[in-house]
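To be precise, the following lines are my_file-v7.tsv, and they hold TSV, C-alpha atoms and all ligand atoms.
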```tsv
chain	number	residue	atom	x	y	z
A	1	MET	CA	0.00	0.00	0.00
A	2	ILE	CA	1.38	3.41	-0.98
A	3	GLY	CA	-1.05	5.21	1.25
A	4	ARG	CA	-4.61	6.21	1.73
A	5	VAL	CA	-6.93	9.17	1.74
A	6	THR	CA	-9.63	9.77	4.35
A	7	VAL	CA	-12.42	12.23	3.59
A	8	LEU	CA	-12.35	14.42	6.68
A	9	VAL	CA	-14.78	17.13	5.57
A	10	GLU	CA	-17.34	16.94	2.78
A	11	ASN	CA	-20.85	18.20	2.04
A	12	SER	CA	-22.34	14.89	3.20
A	13	ALA	CA	-21.60	12.70	6.20
A	14	GLY	CA	-21.17	8.97	5.83
A	15	ARG	CA	-21.66	7.48	9.25
A	16	ARG	CA	-22.65	7.91	12.85
A	17	GLY	CA	-21.00	10.75	14.70
A	18	LEU	CA	-19.58	12.49	11.63
A	19	LEU	CA	-20.65	16.00	10.64
A	20	SER	CA	-20.97	17.61	7.22
A	21	GLU	CA	-20.67	21.17	5.93
A	22	HIS	CA	-20.20	22.87	2.59
A	23	GLY	CA	-16.46	22.31	2.45
A	24	LEU	CA	-13.69	19.87	1.70
A	25	SER	CA	-10.72	18.35	3.48
A	26	PHE	CA	-8.72	15.19	2.81
A	27	TRP	CA	-6.31	13.50	5.21
A	28	VAL	CA	-3.54	11.89	3.14
A	29	GLU	CA	-1.32	9.23	4.72
A	30	LEU	CA	1.82	8.23	2.84
A	31	GLY	CA	3.88	5.84	4.94
A	32	GLU	CA	4.63	7.79	8.10
A	33	LYS	CA	3.84	11.16	6.51
A	34	LYS	CA	0.51	12.88	6.97
A	35	ILE	CA	-0.67	15.68	4.75
A	36	LEU	CA	-3.83	17.71	5.14
A	37	PHE	CA	-5.24	18.74	1.76
A	38	ASP	CA	-7.64	21.63	2.46
A	39	THR	CA	-9.31	22.23	5.81
A	40	GLY	CA	-13.06	22.73	5.23
A	41	GLN	CA	-14.82	25.76	6.72
A	42	GLY	CA	-13.48	24.88	10.15
A	43	LYS	CA	-16.81	24.08	11.77
A	44	VAL	CA	-16.50	20.28	11.70
A	45	LEU	CA	-12.80	19.53	11.14
A	46	ARG	CA	-11.84	18.90	14.77
A	47	GLU	CA	-14.97	16.91	15.57
A	48	ASN	CA	-14.63	14.66	12.53
A	49	ALA	CA	-10.90	14.17	13.15
A	50	ALA	CA	-11.69	13.04	16.70
A	51	VAL	CA	-14.38	10.59	15.56
A	52	LEU	CA	-12.12	9.21	12.82
A	53	GLY	CA	-9.07	8.94	15.10
A	54	ILE	CA	-7.09	11.37	12.94
A	55	PRO	CA	-4.25	13.06	14.86
A	56	LEU	CA	-4.29	16.61	13.41
A	57	GLU	CA	-1.38	17.49	15.71
A	58	ARG	CA	0.74	15.06	13.71
A	59	THR	CA	0.12	16.82	10.37
A	60	ASP	CA	3.43	17.13	8.49
A	61	ALA	CA	2.25	19.63	5.86
A	62	VAL	CA	-0.92	21.48	4.85
A	63	VAL	CA	-1.88	22.08	1.24
A	64	LEU	CA	-4.48	24.68	0.26
A	65	SER	CA	-6.07	24.05	-3.13
A	66	HIS	CA	-7.23	27.69	-3.29
A	67	GLY	CA	-8.28	30.52	-1.00
A	68	HIS	CA	-12.05	30.02	-0.68
A	69	TYR	CA	-13.42	29.83	2.88
A	70	ASP	CA	-14.80	26.30	2.46
A	71	HIS	CA	-11.23	25.00	1.94
A	72	THR	CA	-9.27	27.25	4.27
A	73	GLY	CA	-11.51	27.99	7.29
A	74	GLY	CA	-10.02	25.16	9.37
A	75	LEU	CA	-6.42	26.26	8.84
A	76	ALA	CA	-6.11	28.14	12.13
A	77	ASP	CA	-7.31	25.06	14.03
A	78	VAL	CA	-4.73	22.82	12.40
A	79	LEU	CA	-1.81	25.22	12.74
A	80	HIS	CA	-2.66	25.74	16.39
A	81	ARG	CA	-2.14	22.00	16.89
A	82	ALA	CA	0.76	21.43	14.52
A	83	ARG	CA	3.44	24.07	14.95
A	84	GLY	CA	6.39	24.52	12.62
A	85	ILE	CA	4.94	22.73	9.61
A	86	PRO	CA	4.85	24.08	6.05
A	87	VAL	CA	1.67	25.41	4.43
A	88	TYR	CA	1.62	25.20	0.63
A	89	ALA	CA	-0.54	27.71	-1.24
A	90	HIS	CA	-0.48	30.06	-4.18
A	91	ARG	CA	0.00	33.71	-3.22
A	92	ALA	CA	-3.42	34.61	-4.63
A	93	ALA	CA	-5.11	32.32	-2.09
A	94	PHE	CA	-4.63	35.15	0.42
A	95	GLY	CA	-6.19	37.83	-1.76
A	96	PRO	CA	-9.73	39.23	-1.48
A	97	LYS	CA	-12.40	36.91	-2.80
A	98	TYR	CA	-16.10	37.63	-3.36
A	99	ALA	CA	-19.07	35.95	-4.99
A	100	ARG	CA	-21.90	37.92	-6.55
A	101	ASN	CA	-25.37	37.19	-5.24
A	102	PHE	CA	-28.42	36.95	-7.49
A	103	ASP	CA	-29.67	40.35	-6.30
A	104	GLY	CA	-26.41	42.06	-7.32
A	105	THR	CA	-24.95	42.27	-3.81
A	106	SER	CA	-21.85	40.28	-2.95
A	107	ARG	CA	-20.51	38.11	-0.16
A	108	ASP	CA	-16.98	37.59	1.13
A	109	ILE	CA	-15.82	34.04	0.33
A	110	GLY	CA	-12.11	34.53	1.08
A	111	MET	CA	-9.93	32.89	3.71
A	112	PRO	CA	-11.30	33.51	7.22
A	113	PHE	CA	-9.47	33.39	10.57
A	114	MET	CA	-5.99	33.34	9.05
A	115	ASP	CA	-3.64	35.37	6.87
A	116	GLU	CA	-0.01	35.26	5.71
A	117	GLU	CA	1.37	36.78	8.93
A	118	GLY	CA	-0.74	34.50	11.07
A	119	ILE	CA	0.75	31.47	9.33
A	120	ARG	CA	4.30	32.79	9.52
A	121	GLU	CA	4.01	33.37	13.25
A	122	HIS	CA	4.56	29.69	14.04
A	123	ASN	CA	4.75	27.96	10.69
A	124	GLU	CA	6.32	28.10	7.26
A	125	LEU	CA	4.45	29.48	4.25
A	126	VAL	CA	5.49	28.06	0.91
A	127	PHE	CA	4.16	29.98	-2.08
A	128	VAL	CA	3.49	27.64	-4.98
A	129	ASP	CA	3.86	29.10	-8.45
A	130	GLY	CA	4.60	25.94	-10.40
A	131	PRO	CA	4.64	22.16	-10.01
A	132	VAL	CA	6.26	21.21	-6.70
A	133	GLU	CA	6.75	18.08	-4.60
A	134	VAL	CA	5.30	18.33	-1.09
A	135	MET	CA	6.66	14.99	0.07
A	136	GLU	CA	7.18	11.36	-0.92
A	137	GLY	CA	5.65	11.55	-4.36
A	138	LEU	CA	2.78	13.89	-3.50
A	139	ARG	CA	3.02	16.75	-5.95
A	140	LEU	CA	1.08	19.95	-6.57
A	141	THR	CA	0.27	21.27	-10.02
A	142	GLY	CA	0.58	24.93	-9.11
A	143	PRO	CA	-1.44	27.18	-11.45
A	144	VAL	CA	-3.23	25.16	-14.12
A	145	PRO	CA	-3.09	26.41	-17.75
A	146	ARG	CA	-6.59	27.23	-19.00
A	147	GLU	CA	-6.71	25.60	-22.43
A	148	THR	CA	-10.18	24.26	-23.05
A	149	ASP	CA	-12.77	26.54	-24.65
A	150	PHE	CA	-15.66	25.10	-22.64
A	151	GLU	CA	-14.49	25.57	-19.05
A	152	ASP	CA	-14.44	28.59	-16.74
A	153	THR	CA	-14.09	29.09	-12.99
A	154	GLY	CA	-17.65	27.90	-12.53
A	155	GLY	CA	-19.15	30.88	-10.72
A	156	ALA	CA	-19.53	34.65	-10.37
A	157	PHE	CA	-16.22	35.17	-8.58
A	158	TYR	CA	-14.56	38.57	-8.06
A	159	THR	CA	-11.64	40.12	-6.21
A	160	ASP	CA	-13.60	43.22	-5.15
A	161	PRO	CA	-16.90	43.56	-3.25
A	162	ARG	CA	-18.43	45.65	-6.06
A	163	CYS	CA	-17.85	42.73	-8.44
A	164	THR	CA	-15.98	44.65	-11.13
A	165	GLN	CA	-12.76	42.57	-11.17
A	166	PRO	CA	-13.32	38.91	-12.10
A	167	ASP	CA	-11.36	36.43	-10.01
A	168	GLU	CA	-9.82	33.87	-12.36
A	169	LEU	CA	-8.69	31.89	-9.31
A	170	PRO	CA	-5.01	31.68	-10.33
A	171	ASP	CA	-4.50	30.05	-6.93
A	172	ASP	CA	-6.47	26.95	-7.94
A	173	GLN	CA	-4.31	23.83	-7.89
A	174	ALA	CA	-4.62	20.06	-7.55
A	175	ALA	CA	-2.42	17.42	-5.91
A	176	TYR	CA	-1.40	14.13	-7.51
A	177	LEU	CA	0.59	10.98	-6.87
A	178	GLU	CA	1.98	8.56	-9.36
A	179	THR	CA	1.22	4.94	-8.47
A	180	PRO	CA	1.87	1.69	-10.36
A	181	ALA	CA	-1.84	1.65	-11.32
A	182	GLY	CA	-1.82	5.21	-12.65
A	183	THR	CA	-2.03	8.73	-11.30
A	184	PHE	CA	-4.15	9.49	-8.25
A	185	VAL	CA	-5.58	13.04	-8.33
A	186	LEU	CA	-6.95	15.16	-5.49
A	187	LEU	CA	-9.05	18.14	-6.55
A	188	GLY	CA	-10.11	21.08	-4.39
A	189	CYS	CA	-12.78	22.79	-6.48
A	190	ALA	CA	-11.11	22.53	-9.91
A	191	HIS	CA	-11.90	26.18	-10.64
A	192	ALA	CA	-9.36	25.89	-13.49
A	193	GLY	CA	-11.68	23.25	-14.99
A	194	VAL	CA	-11.50	19.54	-14.27
A	195	VAL	CA	-10.45	18.77	-17.86
A	196	ASN	CA	-7.75	21.47	-17.87
A	197	THR	CA	-6.51	20.06	-14.57
A	198	LEU	CA	-6.40	16.42	-15.66
A	199	ARG	CA	-4.82	17.26	-19.03
A	200	TYR	CA	-2.15	19.31	-17.27
A	201	ILE	CA	-1.40	16.49	-14.84
A	202	ARG	CA	-1.00	14.15	-17.83
A	203	THR	CA	1.61	16.49	-19.32
A	204	LEU	CA	3.40	16.62	-15.96
A	205	THR	CA	3.52	12.82	-15.72
A	206	ASP	CA	4.69	11.69	-19.17
A	207	ASN	CA	1.08	11.09	-20.20
A	208	ARG	CA	0.62	8.33	-17.66
A	209	PRO	CA	-2.99	7.15	-17.29
A	210	ILE	CA	-5.11	8.79	-14.63
A	211	HIS	CA	-6.44	6.13	-12.31
A	212	THR	CA	-8.42	7.99	-9.64
A	213	VAL	CA	-9.96	11.46	-9.39
A	214	ILE	CA	-11.41	12.55	-6.07
A	215	GLY	CA	-12.65	15.99	-5.06
A	216	GLY	CA	-14.70	18.98	-6.13
A	217	THR	CA	-15.24	19.51	-9.85
A	218	HIS	CA	-17.32	22.68	-9.62
A	219	LEU	CA	-19.74	21.58	-12.30
A	220	VAL	CA	-22.58	22.93	-10.19
A	221	ASN	CA	-23.33	25.66	-12.74
A	222	ALA	CA	-22.20	23.77	-15.85
A	223	GLY	CA	-24.44	24.02	-18.90
A	224	PRO	CA	-25.14	21.17	-21.33
A	225	GLU	CA	-22.13	21.85	-23.58
A	226	ARG	CA	-19.65	21.88	-20.74
A	227	MET	CA	-21.17	18.70	-19.32
A	228	ASP	CA	-21.14	16.92	-22.70
A	229	ARG	CA	-17.54	17.81	-23.38
A	230	THR	CA	-16.43	17.02	-19.85
A	231	VAL	CA	-17.99	13.57	-20.13
A	232	GLU	CA	-16.37	13.05	-23.52
A	233	GLU	CA	-12.93	13.98	-22.12
A	234	LEU	CA	-13.32	11.82	-19.02
A	235	ARG	CA	-14.18	8.92	-21.30
A	236	THR	CA	-11.09	9.55	-23.43
A	237	LEU	CA	-8.93	9.79	-20.31
A	238	ASP	CA	-10.36	6.43	-19.21
A	239	VAL	CA	-10.36	7.35	-15.50
A	240	ARG	CA	-10.83	4.16	-13.46
A	241	ARG	CA	-12.25	5.63	-10.26
A	242	LEU	CA	-14.29	8.80	-10.26
A	243	LEU	CA	-15.27	10.37	-6.95
A	244	PRO	CA	-16.70	13.82	-7.74
A	245	CYS	CA	-17.99	15.49	-4.60
A	246	HIS	CA	-18.33	18.81	-2.75
A	247	CYS	CA	-19.08	21.49	-5.39
A	248	THR	CA	-19.82	19.05	-8.23
A	249	GLY	CA	-23.55	19.68	-7.87
A	250	PHE	CA	-26.38	17.16	-7.82
A	251	GLN	CA	-27.22	17.36	-11.52
A	252	ALA	CA	-23.63	17.00	-12.68
A	253	ALA	CA	-23.01	14.17	-10.21
A	254	SER	CA	-26.14	12.38	-11.46
A	255	ARG	CA	-24.99	12.72	-15.05
A	256	LEU	CA	-21.51	11.43	-14.21
A	257	LEU	CA	-23.00	8.48	-12.33
A	258	ASN	CA	-25.11	7.63	-15.36
A	259	GLU	CA	-22.23	7.99	-17.79
A	260	PHE	CA	-19.68	6.13	-15.63
A	261	PRO	CA	-21.64	3.63	-13.52
A	262	ALA	CA	-18.65	1.31	-13.04
A	263	GLN	CA	-16.19	4.05	-12.16
A	264	TYR	CA	-18.33	6.38	-10.06
A	265	MET	CA	-18.13	6.19	-6.27
A	266	VAL	CA	-19.62	8.45	-3.61
A	267	CYS	CA	-17.26	9.84	-0.98
A	268	PRO	CA	-19.04	11.32	2.02
A	269	THR	CA	-17.12	12.31	5.14
A	270	GLY	CA	-15.52	9.18	6.58
A	271	THR	CA	-14.74	7.53	3.24
A	272	ILE	CA	-11.33	5.84	3.21
A	273	LEU	CA	-9.73	5.24	-0.17
A	274	GLU	CA	-6.55	3.22	-0.72
A	275	ILE	CA	-4.31	5.11	-3.11
A	276	ASP	CA	-2.88	2.30	-5.23
A	277	LYS	CA	-5.84	-0.04	-5.76
B	1	ZN	ZN	-13.81	27.36	-4.47
B	2	ZN	ZN	-15.30	24.59	-2.61
```
Exercise: express the given structure as structure tokens:
Amino acid sequence: MIGRVTVLVENSAGRRGLLSEHGLSFWVELGEKKILFDTGQGKVLRENAAVLGIPLERTDAVVLSHGHYDHTGGLADVLHRARGIPVYAHRAAFGPKYARNFDGTSRDIGMPFMDEEGIREHNELVFVDGPVEVMEGLRLTGPVPRETDFEDTGGAFYTDPRCTQPDELPDDQAAYLETPAGTFVLLGCAHAGVVNTLRYIRTLTDNRPIHTVIGGTHLVNAGPERMDRTVEELRTLDVRRLLPCHCTGFQAASRLLNEFPAQYMVCPTGTILEIDK
């Protein structure tokens, strides 16, 4: 076994005692090393870790897929317990982030409870601006090139409260591991587009097959063309295990389940996935 991933925070809860919230966090164990990929909103991280027997104080590194609150809100909690560890994020994850509401007003969806100085007080902040290895084969994509003509960030995201400056989410990144079976991919929200992300990971791995994809795909607002072309690409990529969750959206998840009945798996909080099977 190379390692395993435990779903620590997700929009649904899978068993007794676990809590859910709109957010995402994966606990990645690779041999003795433990990496926290995203931290959820911070409302259920500690409770779920306790129920699942996950020692947050033994975290060796934290990775932030991007700066939205539902991935970064638990950071303060983790860093309080695990001093001196590195936090990997793109610089833009710390910038202002807003979403436009239907009535034209906006809401702050940036990183709460923590900022660059807060991290640097007791920990190390590693700015990611290209592919980088976090540890033992776990790599980050850094910014993902936006090449498809059918994908966008998936929402009305801005860097100012008046919603005049679109936020292209340059901070969005994914993590991946090469295994004998193929590449194992962890997505945050895939604001760069799930197809852009998977294609980029293929170029970073000598075109090795992608075996598993787990995480948010942000297809919640995807129209028919984006869905059709995403399905087409996923079929071409021949992904063996597909675990779209969090911000995938019910309609997109239903479509993916119908298109890939043998590959699709649900992954509520508490799901444990072996990395190399
Ligand atoms: Zn997001
Ligand atoms: Zn999200």
Please, what distance in Å, to one decimal, runs between atom CA of A:Gly188 and atom CA of A:Arg91?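 Result for atom CA of A:Gly188 versus atom CA of A:Arg91: 16.2 Å, one decimal.
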When you count all atoms listed in the file, which of these residues is closest to ligand ZN 1 (chain B): A:Gln173, A:Gln263, A:Ser106, A:Thr179? A:Gln173
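Among the candidate residues A:Gly95, A:Gly118, A:Gly137, A:Gly155, the one lying nearest to A:Gly3 is A:Gly137, with distances computed using all atoms listed in the file.
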If you count only C-alpha atoms and all ligand atoms, which residues end up within 6 Å of ligand ZN 2 (chain B), as a tab-separated table (two decimals) with C-alpha atoms, in the frame of the given file?
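For reference, pocket07.tsv as written:
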```
chain	number	residue	atom	x	y	z
A	23	GLY	CA	-16.46	22.31	2.45
A	70	ASP	CA	-14.80	26.30	2.46
A	189	CYS	CA	-12.78	22.79	-6.48
A	247	CYS	CA	-19.08	21.49	-5.39
```
Report as JSON lines the residues of chain A within 7 Å of ligand ZN 1 (chain B), each with its shortest atom pair and distance in Å (one decimal), using only C-alpha atoms and all ligand atoms, ordered by chain and increasing residue number.
```
{"residue": "A:His66", "atom": "CA", "partner": "B:ZN1", "partner_atom": "ZN", "distance": 6.7}
{"residue": "A:His68", "atom": "CA", "partner": "B:ZN1", "partner_atom": "ZN", "distance": 5.0}
{"residue": "A:Cys189", "atom": "CA", "partner": "B:ZN1", "partner_atom": "ZN", "distance": 5.1}
{"residue": "A:His191", "atom": "CA", "partner": "B:ZN1", "partner_atom": "ZN", "distance": 6.6}
```
Atom CA of A:Ala99 and atom CA of A:Asp115, how far apart in Å?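 About the pair atom CA of A:Asp115 and atom CA of A:Ala99: they are 19.5 Å apart.
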Nearest to A:Pro145, chosen from A:Ile201, A:Leu56, A:Cys163, A:Met114, with all atoms listed in the file counted in the distances: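 With all atoms listed in the file as the atom set, the closest residue is A:Ile201.
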Selection: 9 Å around A:Cys245, all atoms listed in the file, excl. self and same-chain fewer than 6 positions, as a list of chain:residue names: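 Returned residues: A:Glu10, A:Asn11, A:Ser12, A:Leu24, A:Ile214, A:Gly215, A:Gly216, A:Thr217, A:His218, A:Ala253, A:Val266, A:Cys267, A:Pro268.
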List every residue of stretch 147-213 of chain A that has an atom at most 10 Å from any atom of stretch 25-45 of chain A, and for each one report the closest atom pair and its distance in Å to one decimal, counting all atoms listed in the file, with rows sorted by chain and then by increasing residue number, as CSV.
```
residue,atom,partner,partner_atom,distance
A:Ala174,CA,A:Phe37,CA,9.4
A:Ala175,CA,A:Phe37,CA,8.3
A:Leu186,CA,A:Phe37,CA,8.3
A:Leu187,CA,A:Phe37,CA,9.2
A:Gly188,CA,A:Asp38,CA,7.3
```
Which residue out of A:Pro244, A:Ala50, A:Thr72, A:Leu234 has the minimum interatomic distance to A:Arg199 when all atoms listed in the file are used? A:Leu234
Please, what distance in Å, to one decimal, runs between atom CA of A:Ala92 and atom CA of A:Arg46?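 Atom CA of A:Arg46 lies 26.3 Å from atom CA of A:Ala92.
Considering only C-alpha atoms, the residue among A:Leu257, A:Leu169, A:Glu47, A:Arg58 positioned nearest to A:Ser20 is A:Glu47.
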Tell me which protein, DNA and RNA residues are within 10 Å of A:Met227, counting all atoms listed in the file, leaving out same-chain ones fewer than 4 positions away, and put them as an mmCIF file with C-alpha atoms, in the frame of the given file.
```cif
data_model
loop_
_atom_site.group_PDB
_atom_site.id
_atom_site.type_symbol
_atom_site.label_atom_id
_atom_site.label_comp_id
_atom_site.auth_asym_id
_atom_site.auth_seq_id
_atom_site.Cartn_x
_atom_site.Cartn_y
_atom_site.Cartn_z
ATOM 1 C CA PHE A 150 -15.660 25.100 -22.640
ATOM 2 C CA GLU A 151 -14.490 25.570 -19.050
ATOM 3 C CA LEU A 219 -19.740 21.580 -12.300
ATOM 4 C CA ASN A 221 -23.330 25.660 -12.740
ATOM 5 C CA ALA A 222 -22.200 23.770 -15.850
ATOM 6 C CA GLY A 223 -24.440 24.020 -18.900
ATOM 7 C CA VAL A 231 -17.990 13.570 -20.130
ATOM 8 C CA GLU A 232 -16.370 13.050 -23.520
ATOM 9 C CA GLU A 233 -12.930 13.980 -22.120
ATOM 10 C CA GLN A 251 -27.220 17.360 -11.520
ATOM 11 C CA ALA A 252 -23.630 17.000 -12.680
ATOM 12 C CA ARG A 255 -24.990 12.720 -15.050
ATOM 13 C CA LEU A 256 -21.510 11.430 -14.210
#
```
